[in-house]
Structure formats: C-alpha cells, structure tokens
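Here is the file target-v5.cif (mmCIF, C-alpha atoms).
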```cif
data_work
#
loop_
_atom_site.group_PDB
_atom_site.id
_atom_site.type_symbol
_atom_site.label_atom_id
_atom_site.label_comp_id
_atom_site.auth_asym_id
_atom_site.auth_seq_id
_atom_site.Cartn_x
_atom_site.Cartn_y
_atom_site.Cartn_z
ATOM 1 C CA MET L 23 -14.874 0.911 -7.449
ATOM 2 C CA ASN L 24 -18.461 1.483 -6.356
ATOM 3 C CA SER L 25 -18.594 3.968 -3.450
ATOM 4 C CA LYS L 26 -20.496 1.457 -1.300
ATOM 5 C CA ASN L 27 -17.445 -0.783 -1.474
ATOM 6 C CA VAL L 28 -15.158 1.924 -0.090
ATOM 7 C CA VAL L 29 -14.804 3.297 3.447
ATOM 8 C CA THR L 30 -12.882 6.580 3.732
ATOM 9 C CA ILE L 31 -10.679 7.234 6.764
ATOM 10 C CA MET L 32 -8.572 10.425 6.864
ATOM 11 C CA ASP L 33 -8.996 10.860 3.102
ATOM 12 C CA ILE L 34 -7.861 7.306 2.340
ATOM 13 C CA GLY L 35 -10.441 5.066 0.660
ATOM 14 C CA PHE L 36 -10.319 1.479 1.907
ATOM 15 C CA VAL L 37 -11.701 -1.518 0.025
ATOM 16 C CA ASN L 38 -14.805 -2.744 1.858
ATOM 17 C CA LYS L 39 -14.798 -6.380 0.819
ATOM 18 C CA THR L 40 -13.846 -9.651 2.412
ATOM 19 C CA LYS L 41 -10.499 -11.064 1.345
ATOM 20 C CA GLU L 42 -12.238 -13.664 -0.797
ATOM 21 C CA GLU L 43 -14.436 -11.029 -2.468
ATOM 22 C CA PHE L 44 -11.431 -8.816 -3.097
ATOM 23 C CA LEU L 45 -9.490 -11.621 -4.732
ATOM 24 C CA ARG L 46 -12.474 -12.775 -6.783
ATOM 25 C CA ASP L 47 -13.737 -9.370 -7.905
ATOM 26 C CA CYS L 48 -10.587 -7.271 -8.141
ATOM 27 C CA VAL L 49 -7.314 -9.177 -8.262
ATOM 28 C CA LYS L 50 -7.897 -12.429 -10.123
ATOM 29 C CA PRO L 51 -9.563 -10.695 -13.099
ATOM 30 C CA ARG L 52 -6.486 -8.478 -13.467
ATOM 31 C CA LEU L 53 -4.244 -11.536 -13.465
ATOM 32 C CA GLU L 54 -6.444 -13.434 -15.900
ATOM 33 C CA ASN L 55 -6.535 -10.474 -18.306
ATOM 34 C CA GLU L 56 -2.820 -9.689 -17.872
ATOM 35 C CA GLU L 57 -3.641 -6.193 -16.655
ATOM 36 C CA LYS L 58 -1.828 -4.277 -13.963
ATOM 37 C CA CYS L 59 -2.901 -2.930 -10.583
ATOM 38 C CA PHE L 60 -1.332 -1.270 -7.552
ATOM 39 C CA ILE L 61 -2.385 -2.521 -4.107
ATOM 40 C CA VAL L 62 -1.528 -0.735 -0.854
ATOM 41 C CA THR L 63 -1.715 -2.776 2.338
ATOM 42 C CA ALA L 64 -2.469 0.081 4.717
ATOM 43 C CA ASN L 65 -2.308 0.107 8.498
ATOM 44 C CA PRO L 66 -2.616 3.109 10.857
ATOM 45 C CA GLU L 67 1.065 3.958 10.340
ATOM 46 C CA ILE L 68 0.543 4.416 6.615
ATOM 47 C CA VAL L 69 -2.544 6.560 7.201
ATOM 48 C CA MET L 70 -0.645 8.770 9.640
ATOM 49 C CA LYS L 71 2.309 9.062 7.260
ATOM 50 C CA ALA L 72 -0.132 10.113 4.527
ATOM 51 C CA ARG L 73 -1.646 12.696 6.867
ATOM 52 C CA GLU L 74 1.786 14.213 7.523
ATOM 53 C CA ASP L 75 3.077 14.018 3.941
ATOM 54 C CA GLN L 76 0.786 15.320 1.189
ATOM 55 C CA ALA L 77 2.896 13.847 -1.608
ATOM 56 C CA TYR L 78 2.734 10.423 0.010
ATOM 57 C CA LYS L 79 -1.013 10.808 0.535
ATOM 58 C CA GLU L 80 -1.443 11.435 -3.180
ATOM 59 C CA VAL L 81 0.560 8.272 -3.933
ATOM 60 C CA ILE L 82 -1.763 6.227 -1.712
ATOM 61 C CA GLN L 83 -4.846 7.851 -3.215
ATOM 62 C CA GLU L 84 -3.631 7.026 -6.722
ATOM 63 C CA ALA L 85 -3.380 3.297 -5.946
ATOM 64 C CA ASP L 86 -6.008 1.053 -7.481
ATOM 65 C CA TYR L 87 -6.853 -0.547 -4.148
ATOM 66 C CA VAL L 88 -6.079 0.187 -0.505
ATOM 67 C CA ILE L 89 -6.833 -2.736 1.778
ATOM 68 C CA PRO L 90 -7.345 -2.506 5.572
ATOM 69 C CA ASP L 91 -4.244 -4.300 6.844
ATOM 70 C CA GLY L 92 -4.441 -3.549 10.549
ATOM 71 C CA ILE L 93 -7.082 -4.091 13.186
ATOM 72 C CA GLY L 94 -6.794 -0.388 14.045
ATOM 73 C CA ILE L 95 -8.255 0.489 10.647
ATOM 74 C CA VAL L 96 -11.190 -1.879 11.180
ATOM 75 C CA LYS L 97 -11.848 -0.519 14.686
ATOM 76 C CA ALA L 98 -11.709 3.071 13.438
ATOM 77 C CA ALA L 99 -14.213 2.314 10.661
ATOM 78 C CA GLY L 100 -16.565 0.844 13.237
ATOM 79 C CA TRP L 101 -16.318 3.921 15.445
ATOM 80 C CA MET L 102 -17.152 6.039 12.410
ATOM 81 C CA LYS L 103 -20.305 3.957 11.803
ATOM 82 C CA GLN L 104 -18.859 2.827 8.455
ATOM 83 C CA PRO L 105 -17.968 -0.757 9.295
ATOM 84 C CA LEU L 106 -15.499 -2.654 7.150
ATOM 85 C CA LYS L 107 -16.378 -6.266 6.386
ATOM 86 C CA GLU L 108 -13.055 -7.545 7.667
ATOM 87 C CA ARG L 109 -9.372 -6.936 8.041
ATOM 88 C CA ILE L 110 -7.385 -8.090 5.017
ATOM 89 C CA ALA L 111 -3.925 -8.935 6.314
ATOM 90 C CA GLY L 112 -1.210 -8.345 3.748
ATOM 91 C CA PHE L 113 0.567 -11.586 4.626
ATOM 92 C CA ASP L 114 -2.617 -13.622 4.173
ATOM 93 C CA LEU L 115 -3.319 -11.921 0.851
ATOM 94 C CA VAL L 116 0.178 -12.766 -0.392
ATOM 95 C CA VAL L 117 -0.227 -16.412 0.650
ATOM 96 C CA ASP L 118 -3.514 -16.597 -1.240
ATOM 97 C CA LEU L 119 -1.904 -15.006 -4.289
ATOM 98 C CA LEU L 120 0.942 -17.522 -4.183
ATOM 99 C CA GLN L 121 -1.550 -20.377 -3.920
ATOM 100 C CA TYR L 122 -3.456 -19.020 -6.909
ATOM 101 C CA ALA L 123 -0.198 -18.544 -8.830
ATOM 102 C CA ASN L 124 0.736 -22.133 -8.003
ATOM 103 C CA GLU L 125 -2.589 -23.377 -9.376
ATOM 104 C CA ARG L 126 -2.306 -21.321 -12.560
ATOM 105 C CA GLY L 127 1.444 -21.510 -13.130
ATOM 106 C CA LEU L 128 1.899 -17.753 -12.765
ATOM 107 C CA SER L 129 5.155 -15.904 -12.121
ATOM 108 C CA CYS L 130 6.304 -13.757 -9.223
ATOM 109 C CA TYR L 131 9.110 -11.238 -8.672
ATOM 110 C CA PHE L 132 10.459 -10.701 -5.138
ATOM 111 C CA LEU L 133 11.797 -7.192 -4.588
ATOM 112 C CA GLY L 134 13.045 -6.045 -1.220
ATOM 113 C CA ALA L 135 14.266 -7.073 2.244
ATOM 114 C CA GLN L 136 17.858 -7.949 3.071
ATOM 115 C CA ALA L 137 19.609 -10.139 0.527
ATOM 116 C CA HIS L 138 19.713 -13.250 2.723
ATOM 117 C CA VAL L 139 16.048 -12.808 3.707
ATOM 118 C CA ASN L 140 15.056 -12.367 0.076
ATOM 119 C CA GLU L 141 16.897 -15.535 -0.924
ATOM 120 C CA LYS L 142 15.354 -17.533 1.929
ATOM 121 C CA ALA L 143 11.878 -16.307 1.011
ATOM 122 C CA VAL L 144 12.397 -17.335 -2.617
ATOM 123 C CA ALA L 145 13.695 -20.757 -1.534
ATOM 124 C CA ALA L 146 10.679 -21.238 0.735
ATOM 125 C CA VAL L 147 8.281 -20.324 -2.072
ATOM 126 C CA ARG L 148 10.035 -22.720 -4.471
ATOM 127 C CA LYS L 149 9.489 -25.518 -1.955
ATOM 128 C CA GLU L 150 5.935 -24.661 -0.906
ATOM 129 C CA TYR L 151 4.629 -23.539 -4.301
ATOM 130 C CA PRO L 152 6.597 -25.534 -6.905
ATOM 131 C CA ASN L 153 4.434 -24.396 -9.824
ATOM 132 C CA VAL L 154 5.120 -20.708 -9.204
ATOM 133 C CA THR L 155 7.666 -19.375 -11.671
ATOM 134 C CA ILE L 156 10.299 -17.265 -9.902
ATOM 135 C CA ALA L 157 10.547 -14.418 -12.403
ATOM 136 C CA GLY L 158 13.394 -12.817 -10.477
ATOM 137 C CA ASN L 159 14.419 -11.315 -7.168
ATOM 138 C CA HIS L 160 16.517 -8.469 -5.753
ATOM 139 C CA HIS L 161 17.243 -7.169 -2.279
ATOM 140 C CA GLY L 162 15.805 -3.860 -1.126
ATOM 141 C CA PHE L 163 18.975 -1.834 -0.781
ATOM 142 C CA PHE L 164 18.958 0.329 -3.886
ATOM 143 C CA ASP L 165 18.131 3.868 -4.928
ATOM 144 C CA LEU L 166 14.494 4.396 -5.862
ATOM 145 C CA ASP L 167 15.649 6.085 -9.065
ATOM 146 C CA ASP L 168 17.740 3.088 -10.167
ATOM 147 C CA LEU L 169 16.239 2.265 -13.553
ATOM 148 C CA SER L 170 18.214 -0.967 -13.825
ATOM 149 C CA ILE L 171 15.932 -2.416 -11.144
ATOM 150 C CA VAL L 172 12.868 -1.226 -13.042
ATOM 151 C CA GLU L 173 14.187 -2.775 -16.242
ATOM 152 C CA ALA L 174 14.912 -6.077 -14.509
ATOM 153 C CA VAL L 175 11.370 -6.291 -13.154
ATOM 154 C CA LYS L 176 9.921 -5.256 -16.515
ATOM 155 C CA GLU L 177 12.007 -7.814 -18.421
ATOM 156 C CA SER L 178 10.869 -10.536 -16.029
ATOM 157 C CA ASN L 179 7.272 -10.054 -17.234
ATOM 158 C CA ALA L 180 6.109 -11.125 -13.760
ATOM 159 C CA ASP L 181 2.418 -11.595 -13.053
ATOM 160 C CA ILE L 182 2.846 -10.646 -9.378
ATOM 161 C CA VAL L 183 5.450 -8.235 -8.000
ATOM 162 C CA LEU L 184 5.936 -8.279 -4.227
ATOM 163 C CA VAL L 185 7.624 -5.041 -3.140
ATOM 164 C CA ALA L 186 9.017 -5.281 0.390
ATOM 165 C CA LEU L 187 10.777 -1.960 0.888
ATOM 166 C CA GLY L 188 8.824 -0.755 3.922
ATOM 167 C CA LEU L 189 6.800 2.418 4.054
ATOM 168 C CA PRO L 190 7.017 4.840 2.365
ATOM 169 C CA ARG L 191 9.629 3.447 -0.066
ATOM 170 C CA GLN L 192 7.588 0.550 -1.422
ATOM 171 C CA GLU L 193 4.584 2.712 -2.334
ATOM 172 C CA LEU L 194 6.824 5.452 -3.722
ATOM 173 C CA TRP L 195 8.739 2.963 -5.887
ATOM 174 C CA ILE L 196 5.579 1.426 -7.336
ATOM 175 C CA ASN L 197 3.965 4.810 -7.994
ATOM 176 C CA GLN L 198 7.102 6.297 -9.534
ATOM 177 C CA HIS L 199 7.701 3.462 -11.990
ATOM 178 C CA TYR L 200 4.205 2.071 -12.538
ATOM 179 C CA HIS L 201 3.952 3.628 -15.992
ATOM 180 C CA HIS L 202 6.816 1.435 -17.231
ATOM 181 C CA PHE L 203 4.721 -1.720 -16.887
ATOM 182 C CA HIS L 204 1.817 -3.043 -18.927
ATOM 183 C CA LYS L 205 0.920 -5.963 -16.624
ATOM 184 C CA GLY L 206 1.414 -7.205 -13.083
ATOM 185 C CA VAL L 207 -0.190 -7.057 -9.651
ATOM 186 C CA PHE L 208 2.106 -4.734 -7.690
ATOM 187 C CA ILE L 209 1.676 -4.916 -3.937
ATOM 188 C CA GLY L 210 3.615 -3.296 -1.112
ATOM 189 C CA VAL L 211 4.155 -6.094 1.395
ATOM 190 C CA GLY L 212 6.289 -4.637 4.198
ATOM 191 C CA GLY L 213 7.803 -7.454 6.260
ATOM 192 C CA THR L 214 6.036 -10.272 4.413
ATOM 193 C CA LEU L 215 9.261 -11.618 2.902
ATOM 194 C CA ASP L 216 10.644 -11.971 6.444
ATOM 195 C CA GLY L 217 7.566 -14.042 7.240
ATOM 196 C CA LEU L 218 7.893 -16.204 4.143
ATOM 197 C CA ALA L 219 11.578 -16.700 4.951
ATOM 198 C CA GLY L 220 10.709 -17.803 8.474
ATOM 199 C CA ASP L 221 12.836 -15.076 10.057
ATOM 200 C CA VAL L 222 9.781 -13.464 11.673
ATOM 201 C CA PRO L 223 7.208 -16.155 12.540
ATOM 202 C CA ARG L 224 3.513 -15.343 12.157
ATOM 203 C CA ALA L 225 1.590 -14.965 15.391
ATOM 204 C CA PRO L 226 -0.242 -18.093 16.599
ATOM 205 C CA LYS L 227 -3.849 -18.299 15.413
ATOM 206 C CA ILE L 228 -5.263 -17.529 18.863
ATOM 207 C CA TRP L 229 -3.360 -14.209 18.951
ATOM 208 C CA ILE L 230 -4.694 -13.339 15.495
ATOM 209 C CA LYS L 231 -8.238 -14.323 16.495
ATOM 210 C CA LEU L 232 -8.031 -12.043 19.533
ATOM 211 C CA ASN L 233 -6.686 -9.169 17.365
ATOM 212 C CA LEU L 234 -3.407 -9.228 19.285
ATOM 213 C CA GLU L 235 -1.053 -9.944 16.406
ATOM 214 C CA TRP L 236 0.442 -6.455 16.859
ATOM 215 C CA LEU L 237 1.369 -7.309 20.470
ATOM 216 C CA TYR L 238 2.933 -10.601 19.450
ATOM 217 C CA ARG L 239 5.070 -8.821 16.868
ATOM 218 C CA ILE L 240 6.257 -6.315 19.479
ATOM 219 C CA ILE L 241 7.213 -9.154 21.810
ATOM 220 C CA LYS L 242 9.170 -10.821 19.009
ATOM 221 C CA GLN L 243 10.563 -7.532 17.647
ATOM 222 C CA PRO L 244 10.895 -5.042 20.557
ATOM 223 C CA SER L 245 12.244 -2.401 18.138
ATOM 224 C CA ARG L 246 8.705 -2.072 16.763
ATOM 225 C CA ILE L 247 7.427 -0.561 20.012
ATOM 226 C CA LYS L 248 8.392 2.944 18.875
ATOM 227 C CA ARG L 249 5.874 2.588 16.051
ATOM 228 C CA ILE L 250 2.970 2.049 18.444
ATOM 229 C CA GLY L 251 2.839 5.775 19.202
ATOM 230 C CA LYS L 252 1.570 6.458 15.684
ATOM 231 C CA VAL L 253 -1.125 3.828 16.085
ATOM 232 C CA PHE L 254 -2.389 5.434 19.292
ATOM 233 C CA GLU L 255 -2.289 8.876 17.701
ATOM 234 C CA PHE L 256 -4.323 7.546 14.787
ATOM 235 C CA MET L 257 -6.942 6.046 17.090
ATOM 236 C CA LEU L 258 -7.139 9.247 19.146
ATOM 237 C CA ARG L 259 -7.632 11.421 16.083
ATOM 238 C CA VAL L 260 -10.429 9.171 14.849
ATOM 239 C CA LEU L 261 -12.138 9.290 18.242
ATOM 240 C CA VAL L 262 -11.810 13.083 18.523
ATOM 241 C CA LYS L 263 -13.212 13.588 15.019
ATOM 242 C CA LYS L 264 -16.070 11.219 15.840
ATOM 243 C CA SER L 265 -16.979 13.210 18.949
#
```

Written form, structure tokens:
Amino acid sequence: MNSKNVVTIMDIGFVNKTKEEFLRDCVKPRLENEEKCFIVTANPEIVMKAREDQAYKEVIQEADYVIPDGIGIVKAAGWMKQPLKERIAGFDLVVDLLQYANERGLSCYFLGAQAHVNEKAVAAVRKEYPNVTIAGNHHGFFDLDDLSIVEAVKESNADIVLVALGLPRQELWINQHYHHFHKGVFIGVGGTLDGLAGDVPRAPKIWIKLNLEWLYRIIKQPSRIKRIGKVFEFMLRVLVKKS
C-alpha cells in the first residue's frame, strides 16, 4: 500500500482510508479475484500487546491490512500530526462484508466464540442475509495447532473467514495457517460474533457518535474495565513520545 495511505503508530502501520475506500480499493477486489488477505482490526490493546511481545508484533506487521478499530488509535494519530481519515470499526466492517456477500452470493465461515454464541450468530446471519452461503462454523475452544480445524476451513472454500478467538489467538491462528489457503478474506473480529448473536448489543448511535462506545461496553460488560488500563497506558506513551 502507498505510504501516504498508512499511518504508523508504535511500529504498526494503519490503513489511512475511510471504510468505504478500504472496501472499494482493498477488500472487494480480493473477493472478486478470489485472492486472499489478512485483516487485523487493531485497537490500543492490540498495539500494546505488540509492543510487549515481539513475535506478536511481527504477526501484526505481516498482515495485509491493519485497520484503526478504536477511537484511541484515531486520537493518537491526530496527536502525532498524522491524522487518520476515520475509525473503521470491526463490527461495521463485518456488517458491510456480509451485506456485500449477500448481494454477490458469497460464502462465509464463522470460527470462534462459545458454541451457543457461534450458533446464534450463524442463525442471525441466515435470517438477515439469506443469500450468504454458510460455508461452515466452529466454536473457538480448540488448540491453535489443531490441523483438523484448518482443514475444515480450507475444505469449505469460504470467501470470508471471520475469526473470533480474541487477541492474540485470532491473529496468531490466521498467521500460523495462512499459507494453507489460496483464497479468502481472513479477519480477526474479537467479540463481533457476540454482537451478531445479540448477546452483546451494539452501543446506541449517540454513544458511537460521541466516541463513547468503549464506555457503553464497560457498563454492559464490567469485566472489561481491567482492559482500560492498557488503553490509558497507550495514550500516555503516545503523548510522552509526542512531547
């Protein structure tokens, strides 16, 4: 990707495009040509994990695209005088991909989350996007080295593979087994299957507009509050480096 379309934060290069530009220029051509690509939906937690773990950093750096999924990333880029065009929320990107798949009759594999969440997400997609072919699905409780999972995904010949194993497992799984595949948009989607299943409702639009989706999620999932420390550390490190 052209350097002007990338903003680097803590050695991680983020796509500097709007969501629509990213889909048009980067993702849809891969789908149309039956090529493969690896997308990381990165928030401050992923950047901090990469900072602490060199092997994980290399996995992120080897991805085809890293999108700024997190208002903290967008704010940090602004402080660094390298503004990003917009935040590209992973959930929104997945919804757009499912809509596109529905229009084109593409297939999708759902890998990850708890078994009942996975099944509910698949059922919801069947109802909302009836033209999407469900290539297959499997819960997220398996060993990353389990080649039977890799074979199942490969045999499905899915156009889109949603990997919801949480960080760092989802990125590690994709990176470790990417060479087995000749096609497919592979994207680490964190808790997106929970959202599709309806188990974790998306924040109301006004919260998203005010960049307070993170606070809404903490209110709904208090266990997430322990993760906020990494976000504040990320912001502090960016500010200190800037000064």

Quick check on the file I pasted: which residues fall under the PyMOL selection byres ((chain L and resi 167) around 12)? Write them as a tab-separated table (two decimals) with C-alpha atoms, keeping the file's coordinate frame.
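Contents of selection16.tsv, freshly written:
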```tsv
chain	number	residue	atom	x	y	z
L	163	PHE	CA	18.98	-1.83	-0.78
L	164	PHE	CA	18.96	0.33	-3.89
L	165	ASP	CA	18.13	3.87	-4.93
L	166	LEU	CA	14.49	4.40	-5.86
L	168	ASP	CA	17.74	3.09	-10.17
L	169	LEU	CA	16.24	2.26	-13.55
L	170	SER	CA	18.21	-0.97	-13.82
L	171	ILE	CA	15.93	-2.42	-11.14
L	172	VAL	CA	12.87	-1.23	-13.04
L	173	GLU	CA	14.19	-2.78	-16.24
L	191	ARG	CA	9.63	3.45	-0.07
L	194	LEU	CA	6.82	5.45	-3.72
L	195	TRP	CA	8.74	2.96	-5.89
L	196	ILE	CA	5.58	1.43	-7.34
L	197	ASN	CA	3.96	4.81	-7.99
L	198	GLN	CA	7.10	6.30	-9.53
L	199	HIS	CA	7.70	3.46	-11.99
```

Let me have the centre and edge lengths in Å, one decimal, of the box along x, y and z around every listed atom of region 77-81 of chain L with 6 Å of margin on each side, as JSON.
```
{"center_x": 0.7, "center_y": 11.1, "center_z": -1.7, "size_x": 16.3, "size_y": 17.6, "size_z": 16.5}
```

Could you give me, as a ChimeraX atom specification, the residues within 9 Å of Val88 (chain L), counting all atoms listed in the file and dropping anything in the same chain fewer than 2 positions from it? /L:34-37,60-64,82-83,85-86,90-91

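The space separating CA of Leu128 (chain L) from CA of Ile156 (chain L) comes to 8.9 Å.
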
Compare L:Gly134, L:Pro51, L:Gly213, L:Pro66 by their minimum atom-to-atom distance to Leu187 (chain L), counting only C-alpha atoms, and give me the closest one.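 Smallest distance to Leu187 (chain L) is found for L:Gly134.
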